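K.L.:
Take a look at my_file_7.csv, CSV, N, CA and C atoms:
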chain,number,residue,atom,x,y,z
N,173,MET,N,-18.3,10.1,-1.4
N,173,MET,CA,-18.1,10.0,0.0
N,173,MET,C,-17.5,8.6,0.2
N,174,PRO,N,-16.3,8.6,0.8
N,174,PRO,CA,-15.7,7.3,1.0
N,174,PRO,C,-16.4,6.4,2.1
N,175,ARG,N,-16.5,5.1,1.8
N,175,ARG,CA,-17.2,4.2,2.7
N,175,ARG,C,-16.2,3.4,3.5
N,176,ILE,N,-16.4,3.5,4.9
N,176,ILE,CA,-15.4,2.8,5.8
N,176,ILE,C,-16.2,1.7,6.6
N,177,LEU,N,-15.6,0.5,6.6
N,177,LEU,CA,-16.1,-0.5,7.5
N,177,LEU,C,-15.3,-0.6,8.7
N,178,VAL,N,-15.9,-0.4,9.9
N,178,VAL,CA,-15.2,-0.5,11.2
N,178,VAL,C,-15.6,-1.8,11.9
N,179,VAL,N,-14.7,-2.6,12.2
N,179,VAL,CA,-15.0,-3.9,12.9
N,179,VAL,C,-14.3,-3.9,14.2
N,180,ASP,N,-15.0,-3.7,15.3
N,180,ASP,CA,-14.5,-3.6,16.7
N,180,ASP,C,-15.5,-4.1,17.7
N,181,ASP,N,-15.1,-5.0,18.6
N,181,ASP,CA,-16.1,-5.5,19.5
N,181,ASP,C,-16.3,-4.6,20.7
N,182,ASP,N,-15.5,-3.5,20.9
N,182,ASP,CA,-15.7,-2.6,22.0
N,182,ASP,C,-16.6,-1.5,21.6
N,183,PRO,N,-17.8,-1.4,22.2
N,183,PRO,CA,-18.8,-0.4,21.7
N,183,PRO,C,-18.3,1.0,21.9
N,184,MET,N,-17.5,1.3,22.9
N,184,MET,CA,-17.1,2.7,23.1
N,184,MET,C,-16.1,3.1,22.1
N,185,VAL,N,-15.1,2.2,21.7
N,185,VAL,CA,-14.2,2.5,20.7
N,185,VAL,C,-14.9,2.6,19.3
N,186,GLY,N,-15.8,1.7,19.1
N,186,GLY,CA,-16.5,1.8,17.8
N,186,GLY,C,-17.3,3.1,17.7
N,187,ALA,N,-18.0,3.5,18.7
N,187,ALA,CA,-18.9,4.7,18.7
N,187,ALA,C,-18.0,5.9,18.5
N,188,THR,N,-16.8,5.9,19.2
N,188,THR,CA,-15.9,7.1,19.0
N,188,THR,C,-15.4,7.2,17.6
N,189,ILE,N,-15.0,6.1,17.0
N,189,ILE,CA,-14.5,6.1,15.7
N,189,ILE,C,-15.6,6.5,14.7
N,190,GLU,N,-16.8,6.0,14.9
N,190,GLU,CA,-17.9,6.2,14.0
N,190,GLU,C,-18.2,7.7,14.0
N,191,VAL,N,-18.3,8.4,15.2
N,191,VAL,CA,-18.7,9.8,15.3
N,191,VAL,C,-17.6,10.6,14.6
N,192,LEU,N,-16.3,10.3,14.9
N,192,LEU,CA,-15.2,11.0,14.3
N,192,LEU,C,-15.2,11.0,12.8
N,193,LEU,N,-15.4,9.8,12.2
N,193,LEU,CA,-15.4,9.6,10.8
N,193,LEU,C,-16.6,10.3,10.1
N,194,GLN,N,-17.8,10.1,10.7
N,194,GLN,CA,-18.9,10.8,10.2
N,194,GLN,C,-18.8,12.3,10.1
N,195,ARG,N,-18.2,12.8,11.2
N,195,ARG,CA,-18.0,14.3,11.2
N,195,ARG,C,-17.0,14.7,10.1
N,196,GLN,N,-16.2,13.8,9.6
N,196,GLN,CA,-15.2,14.1,8.6
N,196,GLN,C,-15.8,13.8,7.2
N,197,GLY,N,-17.1,13.4,7.1
N,197,GLY,CA,-17.7,13.2,5.9
N,197,GLY,C,-17.7,11.8,5.3
N,198,PHE,N,-17.2,10.8,6.2
N,198,PHE,CA,-17.2,9.4,5.7
N,198,PHE,C,-18.5,8.7,5.9
N,199,ASP,N,-18.8,7.8,5.1
N,199,ASP,CA,-20.0,6.9,5.3
N,199,ASP,C,-19.5,5.7,6.0
N,200,VAL,N,-19.9,5.5,7.3
N,200,VAL,CA,-19.4,4.5,8.2
N,200,VAL,C,-20.4,3.4,8.4
N,201,THR,N,-19.9,2.1,8.3
N,201,THR,CA,-20.7,1.0,8.6
N,201,THR,C,-20.0,0.3,9.8
N,202,MET,N,-20.7,0.1,10.9
N,202,MET,CA,-20.1,-0.5,12.1
N,202,MET,C,-20.4,-2.0,12.2
N,203,ALA,N,-19.5,-2.8,12.6
N,203,ALA,CA,-19.7,-4.2,12.8
N,203,ALA,C,-19.0,-4.5,14.2
N,204,ASP,N,-19.7,-5.3,15.0
N,204,ASP,CA,-19.3,-5.6,16.4
N,204,ASP,C,-18.4,-6.9,16.5
N,205,GLY,N,-18.1,-7.4,15.3
N,205,GLY,CA,-17.2,-8.6,15.3
N,205,GLY,C,-16.9,-9.1,13.9
N,206,GLY,N,-16.1,-10.1,13.8
N,206,GLY,CA,-15.6,-10.5,12.5
N,206,GLY,C,-16.8,-11.0,11.6
N,207,GLU,N,-17.7,-11.8,12.2
N,207,GLU,CA,-18.8,-12.4,11.4
N,207,GLU,C,-19.7,-11.3,10.9
N,208,THR,N,-20.0,-10.3,11.7
N,208,THR,CA,-20.8,-9.2,11.3
N,208,THR,C,-20.1,-8.4,10.2
N,209,GLY,N,-18.8,-8.2,10.4
N,209,GLY,CA,-18.1,-7.4,9.4
N,209,GLY,C,-18.0,-8.1,8.0
N,210,LEU,N,-17.8,-9.5,8.1
N,210,LEU,CA,-17.8,-10.2,6.8
N,210,LEU,C,-19.2,-10.2,6.1
N,211,ALA,N,-20.3,-10.2,6.9
N,211,ALA,CA,-21.6,-10.1,6.3
N,211,ALA,C,-21.8,-8.8,5.6
N,212,ALA,N,-21.3,-7.7,6.3
N,212,ALA,CA,-21.4,-6.4,5.7
N,212,ALA,C,-20.6,-6.3,4.4
N,213,LEU,N,-19.4,-7.0,4.4
N,213,LEU,CA,-18.5,-7.0,3.2
N,213,LEU,C,-19.2,-7.7,2.0
N,214,GLU,N,-20.0,-8.7,2.3
N,214,GLU,CA,-20.7,-9.4,1.2
N,214,GLU,C,-21.8,-8.6,0.6
N,215,THR,N,-22.3,-7.6,1.3
N,215,THR,CA,-23.5,-6.9,0.7
N,215,THR,C,-23.2,-5.5,0.4
N,216,GLN,N,-22.0,-4.9,0.7
N,216,GLN,CA,-21.7,-3.5,0.5
N,216,GLN,C,-20.3,-3.4,0.0
N,217,MET,N,-20.0,-2.3,-0.7
N,217,MET,CA,-18.7,-2.0,-1.1
N,217,MET,C,-18.1,-1.0,-0.2
N,218,PHE,N,-16.8,-1.1,0.1
N,218,PHE,CA,-16.1,-0.2,1.0
N,218,PHE,C,-14.8,0.3,0.4
N,219,ASP,N,-14.3,1.4,0.8
N,219,ASP,CA,-13.1,2.0,0.4
N,219,ASP,C,-11.9,1.7,1.3
N,220,VAL,N,-12.2,1.5,2.6
N,220,VAL,CA,-11.2,1.1,3.6
N,220,VAL,C,-11.9,0.3,4.7
N,221,MET,N,-11.2,-0.6,5.3
N,221,MET,CA,-11.7,-1.4,6.4
N,221,MET,C,-10.7,-1.2,7.6
N,222,LEU,N,-11.3,-1.0,8.8
N,222,LEU,CA,-10.6,-0.9,10.1
N,222,LEU,C,-11.0,-2.1,10.8
N,223,VAL,N,-10.0,-2.9,11.2
N,223,VAL,CA,-10.4,-4.2,11.9
N,223,VAL,C,-9.5,-4.4,13.1
N,224,ASP,N,-10.2,-4.6,14.3
N,224,ASP,CA,-9.5,-4.8,15.5
N,224,ASP,C,-8.9,-6.2,15.5
N,225,ILE,N,-7.7,-6.4,16.0
N,225,ILE,CA,-7.0,-7.7,15.9
N,225,ILE,C,-7.6,-8.7,16.9
N,226,PHE,N,-7.9,-8.3,18.1
N,226,PHE,CA,-8.4,-9.2,19.1
N,226,PHE,C,-9.8,-9.0,19.4
N,227,MET,N,-10.7,-10.0,19.0
N,227,MET,CA,-12.1,-9.9,19.2
N,227,MET,C,-12.6,-11.4,19.6
N,228,PRO,N,-13.6,-11.5,20.4
N,228,PRO,CA,-14.1,-12.8,20.7
N,228,PRO,C,-14.7,-13.5,19.5
N,229,HIS,N,-15.0,-14.7,19.6
N,229,HIS,CA,-15.5,-15.6,18.5
N,229,HIS,C,-14.5,-15.7,17.4
N,230,MET,N,-14.5,-14.8,16.4
N,230,MET,CA,-13.6,-14.9,15.3
N,230,MET,C,-12.3,-14.1,15.7
N,231,ARG,N,-11.2,-14.7,15.9
N,231,ARG,CA,-10.0,-14.0,16.3
N,231,ARG,C,-9.6,-13.0,15.2
N,232,GLY,N,-9.0,-11.9,15.7
N,232,GLY,CA,-8.7,-10.8,14.8
N,232,GLY,C,-7.7,-11.2,13.6
N,233,PHE,N,-6.7,-12.1,13.9
N,233,PHE,CA,-5.8,-12.5,12.9
N,233,PHE,C,-6.6,-13.3,11.8
N,234,GLU,N,-7.5,-14.1,12.3
N,234,GLU,CA,-8.3,-14.9,11.3
N,234,GLU,C,-9.2,-13.9,10.5
N,235,SER,N,-9.7,-12.9,11.2
N,235,SER,CA,-10.5,-11.9,10.5
N,235,SER,C,-9.7,-11.2,9.5
N,236,ILE,N,-8.5,-10.8,9.8
N,236,ILE,CA,-7.7,-10.0,8.9
N,236,ILE,C,-7.4,-10.9,7.7
N,237,ARG,N,-7.0,-12.1,7.9
N,237,ARG,CA,-6.7,-13.0,6.8
N,237,ARG,C,-7.9,-13.2,5.9
N,238,ILE,N,-9.1,-13.4,6.5
N,238,ILE,CA,-10.3,-13.7,5.7
N,238,ILE,C,-10.8,-12.4,5.0
N,239,PHE,N,-10.7,-11.2,5.7
N,239,PHE,CA,-11.1,-10.0,5.1
N,239,PHE,C,-10.2,-9.7,3.9
N,240,HIS,N,-8.9,-9.9,4.0
N,240,HIS,CA,-8.0,-9.7,3.0
N,240,HIS,C,-8.2,-10.6,1.8
N,241,GLU,N,-8.5,-11.9,2.1
N,241,GLU,CA,-8.8,-12.8,1.0
N,241,GLU,C,-10.0,-12.5,0.2
N,242,ARG,N,-11.1,-12.0,0.9
N,242,ARG,CA,-12.4,-11.8,0.3
N,242,ARG,C,-12.3,-10.4,-0.5
N,243,ALA,N,-11.5,-9.5,0.0
N,243,ALA,CA,-11.5,-8.2,-0.6
N,243,ALA,C,-10.0,-7.6,-0.7
N,244,PRO,N,-9.2,-8.3,-1.4
N,244,PRO,CA,-7.8,-7.9,-1.4
N,244,PRO,C,-7.5,-6.5,-1.9
N,245,ALA,N,-8.4,-5.9,-2.7
N,245,ALA,CA,-8.1,-4.6,-3.2
N,245,ALA,C,-8.5,-3.5,-2.2
N,246,ILE,N,-9.2,-3.8,-1.1
N,246,ILE,CA,-9.6,-2.8,-0.1
N,246,ILE,C,-8.5,-2.7,0.9
N,247,PRO,N,-8.0,-1.5,1.1
N,247,PRO,CA,-7.0,-1.3,2.2
N,247,PRO,C,-7.6,-1.7,3.5
N,248,LEU,N,-6.8,-2.4,4.3
N,248,LEU,CA,-7.2,-2.9,5.6
N,248,LEU,C,-6.3,-2.3,6.7
N,249,ILE,N,-6.9,-1.6,7.6
N,249,ILE,CA,-6.1,-1.0,8.7
N,249,ILE,C,-6.4,-1.9,10.0
N,250,ALA,N,-5.3,-2.5,10.5
N,250,ALA,CA,-5.5,-3.4,11.7
N,250,ALA,C,-5.2,-2.5,12.9
N,251,MET,N,-6.1,-2.7,14.0
N,251,MET,CA,-5.9,-2.0,15.2
N,251,MET,C,-5.7,-2.9,16.3
N,252,SER,N,-4.8,-2.5,17.3
N,252,SER,CA,-4.6,-3.3,18.5
N,252,SER,C,-4.1,-2.5,19.6
N,253,GLY,N,-4.6,-2.8,20.8
N,253,GLY,CA,-4.1,-2.2,22.0
N,253,GLY,C,-3.2,-3.2,22.7
N,254,TYR,N,-3.2,-4.5,22.2
N,254,TYR,CA,-2.4,-5.5,22.9
N,254,TYR,C,-0.9,-5.3,22.7
N,255,ALA,N,-0.5,-4.4,21.8
N,255,ALA,CA,1.0,-4.2,21.6
N,255,ALA,C,1.6,-3.6,22.9
N,256,PHE,N,0.7,-3.1,23.8
N,256,PHE,CA,1.2,-2.5,25.0
N,256,PHE,C,1.0,-3.4,26.2
N,257,ALA,N,0.6,-4.7,26.0
N,257,ALA,CA,0.3,-5.6,27.0
N,257,ALA,C,1.3,-5.6,28.2
N,258,SER,N,2.6,-5.7,27.8
N,258,SER,CA,3.6,-5.7,28.8
N,258,SER,C,4.9,-5.1,28.3
N,259,SER,N,5.3,-4.0,28.7
N,259,SER,CA,6.5,-3.4,28.2
N,259,SER,C,7.7,-4.0,28.8
N,260,ALA,N,7.5,-4.8,29.9
N,260,ALA,CA,8.7,-5.4,30.6
N,260,ALA,C,9.1,-6.7,30.0
N,261,SER,N,8.2,-7.4,29.4
N,261,SER,CA,8.6,-8.7,28.8
N,261,SER,C,8.4,-8.6,27.3
N,262,PRO,N,9.3,-9.3,26.5
N,262,PRO,CA,9.1,-9.3,25.1
N,262,PRO,C,7.8,-10.1,24.7
N,263,SER,N,7.0,-9.5,23.8
N,263,SER,CA,5.8,-10.2,23.4
N,263,SER,C,5.8,-10.2,21.9
N,264,PRO,N,4.9,-11.0,21.3
N,264,PRO,CA,4.8,-11.0,19.9
N,264,PRO,C,4.4,-9.6,19.3
N,265,ASP,N,5.0,-9.3,18.2
N,265,ASP,CA,4.6,-8.0,17.6
N,265,ASP,C,3.3,-8.3,16.7
N,266,PHE,N,2.2,-8.1,17.4
N,266,PHE,CA,0.9,-8.4,16.8
N,266,PHE,C,0.7,-7.6,15.5
N,267,LEU,N,1.1,-6.3,15.5
N,267,LEU,CA,0.8,-5.5,14.4
N,267,LEU,C,1.7,-5.9,13.2
N,268,ARG,N,2.9,-6.3,13.4
N,268,ARG,CA,3.7,-6.8,12.3
N,268,ARG,C,3.1,-8.1,11.7
N,269,MET,N,2.6,-8.9,12.6
N,269,MET,CA,1.9,-10.2,12.2
N,269,MET,C,0.7,-9.8,11.3
N,270,ALA,N,0.0,-8.8,11.7
N,270,ALA,CA,-1.2,-8.4,10.9
N,270,ALA,C,-0.8,-7.9,9.5
N,271,LEU,N,0.3,-7.2,9.4
N,271,LEU,CA,0.8,-6.7,8.1
N,271,LEU,C,1.2,-8.0,7.2
N,272,GLU,N,1.7,-9.0,7.8
N,272,GLU,CA,2.1,-10.2,7.1
N,272,GLU,C,0.8,-10.9,6.6
N,273,LEU,N,-0.3,-10.7,7.2
N,273,LEU,CA,-1.5,-11.4,6.8
N,273,LEU,C,-2.3,-10.6,5.9
N,274,GLY,N,-1.9,-9.4,5.5
N,274,GLY,CA,-2.5,-8.6,4.5
N,274,GLY,C,-3.0,-7.2,4.9
N,275,ALA,N,-2.8,-6.8,6.1
N,275,ALA,CA,-3.1,-5.4,6.5
N,275,ALA,C,-2.2,-4.4,5.8
N,276,THR,N,-2.8,-3.3,5.4
N,276,THR,CA,-2.1,-2.3,4.7
N,276,THR,C,-1.4,-1.4,5.7
N,277,ARG,N,-2.0,-1.1,6.8
N,277,ARG,CA,-1.5,-0.2,7.8
N,277,ARG,C,-1.9,-0.8,9.2
N,278,CYS,N,-1.2,-0.4,10.2
N,278,CYS,CA,-1.6,-0.8,11.6
N,278,CYS,C,-1.6,0.4,12.5
N,279,LEU,N,-2.5,0.4,13.4
N,279,LEU,CA,-2.6,1.4,14.4
N,279,LEU,C,-2.6,0.8,15.8
N,280,ARG,N,-1.8,1.4,16.7
N,280,ARG,CA,-1.8,1.0,18.1
N,280,ARG,C,-2.8,1.8,18.9
N,281,LYS,N,-3.7,1.1,19.6
N,281,LYS,CA,-4.6,1.8,20.5
N,281,LYS,C,-3.9,2.2,21.7
N,282,PRO,N,-4.2,3.3,22.3
N,282,PRO,CA,-5.0,4.4,21.8
N,282,PRO,C,-4.3,5.2,20.8
N,283,PHE,N,-5.1,5.6,19.7
N,283,PHE,CA,-4.5,6.5,18.7
N,283,PHE,C,-5.3,7.8,18.7
N,284,THR,N,-4.7,8.9,18.2
N,284,THR,CA,-5.3,10.2,18.2
N,284,THR,C,-6.2,10.2,16.9
N,285,PRO,N,-7.2,11.1,17.0
N,285,PRO,CA,-8.0,11.3,15.7
N,285,PRO,C,-7.2,11.7,14.5
N,286,ASP,N,-6.2,12.5,14.7
N,286,ASP,CA,-5.3,12.9,13.6
N,286,ASP,C,-4.6,11.7,13.0
N,287,VAL,N,-4.1,10.8,13.8
N,287,VAL,CA,-3.4,9.7,13.3
N,287,VAL,C,-4.4,8.8,12.5
N,288,LEU,N,-5.6,8.6,13.1
N,288,LEU,CA,-6.5,7.8,12.4
N,288,LEU,C,-6.9,8.4,11.0
N,289,LEU,N,-7.2,9.7,11.0
N,289,LEU,CA,-7.6,10.3,9.7
N,289,LEU,C,-6.4,10.3,8.7
N,290,THR,N,-5.2,10.5,9.2
N,290,THR,CA,-4.1,10.5,8.3
N,290,THR,C,-3.9,9.1,7.7
N,291,THR,N,-4.0,8.1,8.5
N,291,THR,CA,-3.9,6.7,8.0
N,291,THR,C,-4.9,6.4,7.0
N,292,ILE,N,-6.2,6.8,7.3
N,292,ILE,CA,-7.3,6.5,6.3
N,292,ILE,C,-7.0,7.2,5.0
N,293,ARG,N,-6.6,8.5,5.1
N,293,ARG,CA,-6.4,9.3,3.9
N,293,ARG,C,-5.2,8.7,3.1
N,294,GLU,N,-4.2,8.2,3.8
N,294,GLU,CA,-3.1,7.5,3.0
N,294,GLU,C,-3.6,6.3,2.3
N,295,CYS,N,-4.5,5.5,2.9
N,295,CYS,CA,-5.0,4.3,2.3
N,295,CYS,C,-5.9,4.7,1.1
N,296,LEU,N,-6.6,5.8,1.2
N,296,LEU,CA,-7.5,6.2,0.1
N,296,LEU,C,-6.8,6.8,-1.0
N,297,GLY,N,-5.5,7.3,-0.8
N,297,GLY,CA,-4.7,7.9,-1.8
N,297,GLY,C,-4.5,7.1,-3.0
N,298,GLY,N,-4.2,5.8,-2.9
N,298,GLY,CA,-4.1,4.9,-4.0
N,298,GLY,C,-2.8,5.3,-4.8
N,299,PRO,N,-2.5,4.4,-5.8
N,299,PRO,CA,-1.4,4.7,-6.7
N,299,PRO,C,-1.6,5.9,-7.5
N,300,GLY,N,-0.5,6.7,-7.7
N,300,GLY,CA,-0.6,7.8,-8.5
N,300,GLY,C,-1.2,9.0,-7.9
N,301,GLU,N,-1.7,8.9,-6.7
N,301,GLU,CA,-2.3,10.0,-6.1
N,301,GLU,C,-1.5,10.4,-4.8
N,302,SER,N,-1.6,11.6,-4.4
N,302,SER,CA,-0.8,12.0,-3.2
N,302,SER,C,-1.5,11.4,-2.0
N,303,ALA,N,-0.7,10.8,-1.2
N,303,ALA,CA,-1.3,10.2,0.1
N,303,ALA,C,-1.1,11.1,1.2
N,304,GLN,N,-0.5,12.3,1.0
N,304,GLN,CA,-0.3,13.2,2.1
N,304,GLN,C,-1.5,14.1,2.3
N,305,PRO,N,-1.7,14.5,3.6
N,305,PRO,CA,-2.8,15.4,3.9
N,305,PRO,C,-2.5,16.7,3.1
N,306,LYS,N,-3.6,17.5,3.0
N,306,LYS,CA,-3.5,18.8,2.1
N,306,LYS,C,-2.4,19.7,2.7
N,307,ASP,N,-2.2,19.7,3.9
N,307,ASP,CA,-1.2,20.6,4.5
N,307,ASP,C,0.2,19.9,4.4
N,308,LYS,N,1.0,20.4,3.4
N,308,LYS,CA,2.3,19.7,3.2
N,308,LYS,C,3.4,20.5,3.7
N,309,LYS,N,3.4,21.0,4.9
N,309,LYS,CA,4.5,21.8,5.5
N,309,LYS,C,5.6,20.9,6.0
N,310,GLU,N,5.4,19.6,6.1
N,310,GLU,CA,6.5,18.8,6.6
N,310,GLU,C,7.6,18.6,5.6
N,311,ALA,N,8.8,18.7,6.0
N,311,ALA,CA,10.0,18.5,5.1
N,311,ALA,C,10.6,17.2,5.4
N,312,PRO,N,11.1,16.5,4.4
N,312,PRO,CA,11.7,15.2,4.7
N,312,PRO,C,12.9,15.2,5.6
Represent the supplied structure as structure tokens.

P.N.:
Amino acid sequence: MPRILVVDDDPMVGATIEVLLQRQGFDVTMADGGETGLAALETQMFDVMLVDIFMPHMRGFESIRIFHERAPAIPLIAMSGYAFASSASPSPDFLRMALELGATRCLRKPFTPDVLLTTIRECLGGPGESAQPKDKKEAP
């Protein structure tokens, strides 16, 4: 059973992700911030980490950098809703910045359950394994 660490300070987002992943058979550990997530990382092994970019106390970019440094082999999926902060003015591409700091994949909130599950399965695929969902009807 794959173990997922979810680090998000929004209780509603966290609860929604937790229920979705548990229903799909994942073992989920919730953390309400960077410090809590790092404490969990020190005591448990995980297959994938989901980390919100913007959280109080420990900033998300700092969290992503530190999580990646402490566990570079664990795929890290960065999440952010701030990419949509203002479509009228150019803003920093926070998700691209997260990739540069070590994130494996990025998700823009809000995302659908299918997008989340596909992204997690891709991260779990690893080298030499198919990262595609079982239904391979998509043609290139």

K.L.:
Here is a test: counting only C-alpha atoms, which residue of N:Met269, N:Met184, N:Val223, N:Ala212 is nearest to Pro247 of chain N?

P.N.:
N:Val223

K.L.:
From the options N:Cys295, N:Ala250, N:Val185, N:Gly209, which residue's atoms come nearest to Ile225 of chain N, counting only N, CA and C atoms?

P.N.:
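Of the candidates, the smallest distance to Ile225 of chain N is held by N:Ala250.
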
K.L.:
Need the shell around Arg280 of chain N: protein/DNA/RNA residues with any atom at most 6.5 Å away, counting all atoms listed in the file. Skip same-chain ones fewer than 5 positions apart. Format as a list of chain:residue names?

P.N.:
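Near Arg280 of chain N, the qualifying residues are N:Ala250, N:Met251, N:Ser252, N:Gly253.
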
K.L.:
Give me, please, the distance in Å between atom N of Met202 of chain N and atom C of Asp265 of chain N, quoted to one decimal.

P.N.:
26.1 Å

K.L.:
What's the separation between atom CA of Met221 of chain N and atom CA of Leu248 of chain N, in Å to one decimal place?

P.N.:
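These two atoms are separated by 4.8 Å.
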
K.L.:
Just give me the gap between atom CA of Gly206 of chain N and atom C of Gly297 of chain N in Å, one decimal is fine.

P.N.:
25.9 Å

K.L.:
Can you tell me which residues surround Leu267 of chain N at a distance of at most 12 Å, considering only C-alpha atoms, apart from same-chain residues fewer than 4 positions away, and format the answer as a PyMOL selection string?

P.N.:
chain N and resi 223-226+232-233+236+249-256+263+271-281

K.L.:
Keeping only N, CA and C atoms, write those residues as a PDB file, in the frame of the given file.

P.N.:
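Final output, selection.pdb:
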ATOM      1  N   VAL N 223     -10.000  -2.900  11.200  1.00  0.00           N
ATOM      2  CA  VAL N 223     -10.400  -4.200  11.900  1.00  0.00           C
ATOM      3  C   VAL N 223      -9.500  -4.400  13.100  1.00  0.00           C
ATOM      4  N   ASP N 224     -10.200  -4.600  14.300  1.00  0.00           N
ATOM      5  CA  ASP N 224      -9.500  -4.800  15.500  1.00  0.00           C
ATOM      6  C   ASP N 224      -8.900  -6.200  15.500  1.00  0.00           C
ATOM      7  N   ILE N 225      -7.700  -6.400  16.000  1.00  0.00           N
ATOM      8  CA  ILE N 225      -7.000  -7.700  15.900  1.00  0.00           C
ATOM      9  C   ILE N 225      -7.600  -8.700  16.900  1.00  0.00           C
ATOM     10  N   PHE N 226      -7.900  -8.300  18.100  1.00  0.00           N
ATOM     11  CA  PHE N 226      -8.400  -9.200  19.100  1.00  0.00           C
ATOM     12  C   PHE N 226      -9.800  -9.000  19.400  1.00  0.00           C
ATOM     13  N   GLY N 232      -9.000 -11.900  15.700  1.00  0.00           N
ATOM     14  CA  GLY N 232      -8.700 -10.800  14.800  1.00  0.00           C
ATOM     15  C   GLY N 232      -7.700 -11.200  13.600  1.00  0.00           C
ATOM     16  N   PHE N 233      -6.700 -12.100  13.900  1.00  0.00           N
ATOM     17  CA  PHE N 233      -5.800 -12.500  12.900  1.00  0.00           C
ATOM     18  C   PHE N 233      -6.600 -13.300  11.800  1.00  0.00           C
ATOM     19  N   ILE N 236      -8.500 -10.800   9.800  1.00  0.00           N
ATOM     20  CA  ILE N 236      -7.700 -10.000   8.900  1.00  0.00           C
ATOM     21  C   ILE N 236      -7.400 -10.900   7.700  1.00  0.00           C
ATOM     22  N   ILE N 249      -6.900  -1.600   7.600  1.00  0.00           N
ATOM     23  CA  ILE N 249      -6.100  -1.000   8.700  1.00  0.00           C
ATOM     24  C   ILE N 249      -6.400  -1.900  10.000  1.00  0.00           C
ATOM     25  N   ALA N 250      -5.300  -2.500  10.500  1.00  0.00           N
ATOM     26  CA  ALA N 250      -5.500  -3.400  11.700  1.00  0.00           C
ATOM     27  C   ALA N 250      -5.200  -2.500  12.900  1.00  0.00           C
ATOM     28  N   MET N 251      -6.100  -2.700  14.000  1.00  0.00           N
ATOM     29  CA  MET N 251      -5.900  -2.000  15.200  1.00  0.00           C
ATOM     30  C   MET N 251      -5.700  -2.900  16.300  1.00  0.00           C
ATOM     31  N   SER N 252      -4.800  -2.500  17.300  1.00  0.00           N
ATOM     32  CA  SER N 252      -4.600  -3.300  18.500  1.00  0.00           C
ATOM     33  C   SER N 252      -4.100  -2.500  19.600  1.00  0.00           C
ATOM     34  N   GLY N 253      -4.600  -2.800  20.800  1.00  0.00           N
ATOM     35  CA  GLY N 253      -4.100  -2.200  22.000  1.00  0.00           C
ATOM     36  C   GLY N 253      -3.200  -3.200  22.700  1.00  0.00           C
ATOM     37  N   TYR N 254      -3.200  -4.500  22.200  1.00  0.00           N
ATOM     38  CA  TYR N 254      -2.400  -5.500  22.900  1.00  0.00           C
ATOM     39  C   TYR N 254      -0.900  -5.300  22.700  1.00  0.00           C
ATOM     40  N   ALA N 255      -0.500  -4.400  21.800  1.00  0.00           N
ATOM     41  CA  ALA N 255       1.000  -4.200  21.600  1.00  0.00           C
ATOM     42  C   ALA N 255       1.600  -3.600  22.900  1.00  0.00           C
ATOM     43  N   PHE N 256       0.700  -3.100  23.800  1.00  0.00           N
ATOM     44  CA  PHE N 256       1.200  -2.500  25.000  1.00  0.00           C
ATOM     45  C   PHE N 256       1.000  -3.400  26.200  1.00  0.00           C
ATOM     46  N   SER N 263       7.000  -9.500  23.800  1.00  0.00           N
ATOM     47  CA  SER N 263       5.800 -10.200  23.400  1.00  0.00           C
ATOM     48  C   SER N 263       5.800 -10.200  21.900  1.00  0.00           C
ATOM     49  N   LEU N 271       0.300  -7.200   9.400  1.00  0.00           N
ATOM     50  CA  LEU N 271       0.800  -6.700   8.100  1.00  0.00           C
ATOM     51  C   LEU N 271       1.200  -8.000   7.200  1.00  0.00           C
ATOM     52  N   GLU N 272       1.700  -9.000   7.800  1.00  0.00           N
ATOM     53  CA  GLU N 272       2.100 -10.200   7.100  1.00  0.00           C
ATOM     54  C   GLU N 272       0.800 -10.900   6.600  1.00  0.00           C
ATOM     55  N   LEU N 273      -0.300 -10.700   7.200  1.00  0.00           N
ATOM     56  CA  LEU N 273      -1.500 -11.400   6.800  1.00  0.00           C
ATOM     57  C   LEU N 273      -2.300 -10.600   5.900  1.00  0.00           C
ATOM     58  N   GLY N 274      -1.900  -9.400   5.500  1.00  0.00           N
ATOM     59  CA  GLY N 274      -2.500  -8.600   4.500  1.00  0.00           C
ATOM     60  C   GLY N 274      -3.000  -7.200   4.900  1.00  0.00           C
ATOM     61  N   ALA N 275      -2.800  -6.800   6.100  1.00  0.00           N
ATOM     62  CA  ALA N 275      -3.100  -5.400   6.500  1.00  0.00           C
ATOM     63  C   ALA N 275      -2.200  -4.400   5.800  1.00  0.00           C
ATOM     64  N   THR N 276      -2.800  -3.300   5.400  1.00  0.00           N
ATOM     65  CA  THR N 276      -2.100  -2.300   4.700  1.00  0.00           C
ATOM     66  C   THR N 276      -1.400  -1.400   5.700  1.00  0.00           C
ATOM     67  N   ARG N 277      -2.000  -1.100   6.800  1.00  0.00           N
ATOM     68  CA  ARG N 277      -1.500  -0.200   7.800  1.00  0.00           C
ATOM     69  C   ARG N 277      -1.900  -0.800   9.200  1.00  0.00           C
ATOM     70  N   CYS N 278      -1.200  -0.400  10.200  1.00  0.00           N
ATOM     71  CA  CYS N 278      -1.600  -0.800  11.600  1.00  0.00           C
ATOM     72  C   CYS N 278      -1.600   0.400  12.500  1.00  0.00           C
ATOM     73  N   LEU N 279      -2.500   0.400  13.400  1.00  0.00           N
ATOM     74  CA  LEU N 279      -2.600   1.400  14.400  1.00  0.00           C
ATOM     75  C   LEU N 279      -2.600   0.800  15.800  1.00  0.00           C
ATOM     76  N   ARG N 280      -1.800   1.400  16.700  1.00  0.00           N
ATOM     77  CA  ARG N 280      -1.800   1.000  18.100  1.00  0.00           C
ATOM     78  C   ARG N 280      -2.800   1.800  18.900  1.00  0.00           C
ATOM     79  N   LYS N 281      -3.700   1.100  19.600  1.00  0.00           N
ATOM     80  CA  LYS N 281      -4.600   1.800  20.500  1.00  0.00           C
ATOM     81  C   LYS N 281      -3.900   2.200  21.700  1.00  0.00           C
TER      82      LYS N 281
END

K.L.:
Closest to Val178 of chain N among N:Leu222, N:Asp286, N:Gln196, N:Gln216, using all atoms listed in the file?

P.N.:
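Using all atoms listed in the file, the shortest distance to Val178 of chain N belongs to N:Leu222.
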